[in-house]
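Visitor: My structure is below; once you've seen it, I'll send some questions.
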Amino acid sequence: MSELLSYSDVYEHLLDVFYQNGKAVGRQARVLRRAIIEAYRLLPSLANWEYFRRTGSINTSLPVTYEGVAYTVADLKLTLSSGTWGDDVEMGSVTIADRRYRIIRKLSTTVLQLKEGPAADVTGSVRWSQVRYLLPMDLGDIVELTDTGFYSFSRVPAVNVWEWQEMINIDSMPAHWAILPSAANPGRLELWLSGSVESSRTLRYLYQARNTVIRFNSIESSTANGNVTVSGSTATFSEGILNSNHVGSVFRTSVDADSPTSEFGKLVKDNATGVYENTLNPAISEKIIISVESTVSATLSSAAESQSTVGFSMSPHIDVNFEGMWELLLRLAEEQYDILTRAEASIRRTSKAERMMAFRAALRADAPGQERSANRRIYFSVEGAD
C-alpha cells in the first residue's frame, strides 16, 4: 500500500467520488485542480500541527570592509576598483559615513545598485553587514530561535527591529528578531536580526511549515514517455522528459512496461465498447525525486530495488501525515469541490460533517493526548460550524 500521497492520487479520488471519469475535461478539470490546491493550502492553517514542525539553521555572516569603492549619486551605484563583492552581498547593506544603505541588487561582480545613498559622490571604503536572512520556501512561522550555544533570542515587532538596525550601527550579538516578507523573493519570508553579529554563529530554529505550490507540469507517466531503469538511488529514463519541476515528485515503478496504478486501479475506456474497465497494476516501489541531474537522470530519496525498462509515474508529492491527515486532505478536497460547484446546502452540510470527523481523527493521530490540551491551538471549532 502506498505511504506517499500524490496529486494524481487525490485527483483520481475526486474522479471516483464525483463520478467524473471521462467527464473531467475543460472547466470540470479546472474545478478539480482548484479544489485540490485550495484544500492543500488550507490544511496547515487549520491547527498547530506537530507534523508540520521542521527545523532549520542559518550561518550568520560577519561584516566586511571593502576598500577602493566609488559611489556615484547619479545612478546610486557602488563600484569596486579591485576584488569582487561576496556571493550573498544582496542580503546585506553598506555603511557609508555612519549611515546604512540597503542594496537592491548585484549588477555584476564589482557593481551594486543601492536603494538610496549619500547626497554626493563618495570614494574610499565601505562596510558591508548583514541583518536579513532568506528563509526556506515552506516556512510559515518561526516557533523558536536559538544558536548553537543555546543563546535565546526574543521576538519583537518588526518596527522595533528596524529602529534598532537604523539607530545602533555596531557589531554585537543581536538579542531580538522579527520576520518580514522578502521584497526580492515574493512569497518567501526573511529573518531580520536587530543588528549585525560580532562573531560567526550558527542560528537554529524550529518552524511551522506551510505547503508549497503544486507543480502541475511534473505529472508524467510511461504511457507516452518511454520507460525507466532504476539502479540504487538513480533513475535513468529512456526519454528526455525531466526538468527542475520534477524535484519533490512521487516516483513510482511497476513490474512491467505499463504505468503503475494506485492500489485501487485506474479506469480505462475501451474504445470499442465505450465501457470503462478497471486496470490494476500497483506500484512495487515509490520514492521521492530529490534532484534532477539531466533530462534523463534523477536521484531518488533512497535506494530502490533494481529494475530495467519498466513503467513509471511521477506526480507532485502531497506532504501529509499517513495517519489521519491523509483522510482529512481528501475530505477537504471534497468539501472544496462542493463549494466550487455550488452544491446544494444538504450536500455541503454532509461534506462538512465528514470533514469535521476527519479533522478530529487527524488531531488524535498528529499528537495523541494533545487534541484537547490547553496549549494546542485550534483555528476553528471542532464541534460546530466555522
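Residues in the C-alpha cells are named by chain (A, B, ... in the order shown) and by number from 1 within that chain; ligands are numbered from 1 in the order shown.
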Would you mind listing, for every residue of stretch 124-223 of chain A within 7 Å of stretch 243-264 of chain A, the two atoms forming the shortest contact and the distance between them in Å to one decimal, using only C-alpha atoms, sorted by chain and ascending residue number, as JSON lines?

Guide:
```
{"residue": "A:Arg215", "atom": "CA", "partner": "A:Asn245", "partner_atom": "CA", "distance": 6.4}
{"residue": "A:Ser218", "atom": "CA", "partner": "A:His246", "partner_atom": "CA", "distance": 5.0}
{"residue": "A:Ser221", "atom": "CA", "partner": "A:Ser259", "partner_atom": "CA", "distance": 6.2}
{"residue": "A:Ser222", "atom": "CA", "partner": "A:Ser259", "partner_atom": "CA", "distance": 5.4}
{"residue": "A:Thr223", "atom": "CA", "partner": "A:Ser259", "partner_atom": "CA", "distance": 6.1}
```

Visitor: With only C-alpha atoms as the counted atoms, please give the residues lying no more than 12 Å from A:Leu332, apart from itself and same-chain residues fewer than 2 positions off, as number ranges by chain.

Guide: A: 10, 14, 34-44, 46, 325-330, 334-339, 348, 351-359

Visitor: Where does DSSP see helix (DSSP H, G or I) in stretch 253-356 of chain A, if you list the residues as a list in words?

Guide: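 Taking stretch 253-356 of chain A and keeping helix (DSSP H, G or I) gives Met325, Trp326, Glu327, Leu328, Leu329, Leu330, Arg331, Leu332, Ala333, Glu334, Glu335, Gln336, Tyr337, Asp338, Ile339, Leu340, Ala345, Ser346, Ile347, Arg348, Arg349, Thr350, Ser351, Lys352, Ala353, Glu354, Arg355 and Met356 of chain A.
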
Visitor: Output C-alpha atoms for every residue in the selection just made, as a compact mmCIF listing (two decimals), in the first residue's frame.

Guide:
```
# COMPACT_ATOMS: atom_id res chain seq x y z
CA MET A 325 -4.14 13.78 7.88
CA TRP A 326 -4.31 11.83 4.62
CA GLU A 327 -8.06 11.30 5.08
CA LEU A 328 -8.53 14.91 6.16
CA LEU A 329 -6.94 16.19 2.95
CA LEU A 330 -9.33 14.04 0.89
CA ARG A 331 -12.35 15.30 2.85
CA LEU A 332 -11.15 18.90 2.46
CA ALA A 333 -10.79 18.43 -1.30
CA GLU A 334 -14.32 17.01 -1.47
CA GLU A 335 -15.69 19.94 0.52
CA GLN A 336 -13.89 22.47 -1.63
CA TYR A 337 -15.28 20.79 -4.76
CA ASP A 338 -18.81 21.11 -3.37
CA ILE A 339 -18.18 24.78 -2.61
CA LEU A 340 -16.79 25.49 -6.07
CA ALA A 345 -26.94 23.05 1.03
CA SER A 346 -27.70 19.49 2.19
CA ILE A 347 -24.73 18.13 0.23
CA ARG A 348 -22.42 20.79 1.62
CA ARG A 349 -23.57 20.04 5.18
CA THR A 350 -22.75 16.38 4.64
CA SER A 351 -19.29 17.06 3.24
CA LYS A 352 -18.62 19.50 6.09
CA ALA A 353 -19.67 16.95 8.72
CA GLU A 354 -17.38 14.34 7.15
CA ARG A 355 -14.53 16.85 7.10
CA MET A 356 -15.08 17.60 10.83
```

Visitor: List every residue of stretch 294-380 of chain A that has an atom at most 12 Å from any atom of stretch 52-60 of chain A, and for each one report the closest atom pair and its distance in Å to one decimal, counting only C-alpha atoms, with rows sorted by chain and then by increasing residue number, as CSV.

Guide:
```
residue,atom,partner,partner_atom,distance
A:Asp319,CA,A:Phe52,CA,9.1
A:Val320,CA,A:Phe52,CA,8.5
A:Asn321,CA,A:Phe52,CA,9.0
A:Met325,CA,A:Phe52,CA,11.0
A:Asp366,CA,A:Phe52,CA,9.6
A:Ala367,CA,A:Phe52,CA,11.5
```

Visitor: Which residues are close to A:Ser154, i.e. within 10 Å by only C-alpha atoms, leaving aside same-chain residues fewer than 6 positions away? Reply as an MDAnalysis selection string.

Guide: chainID A and resid 144:146 174:178
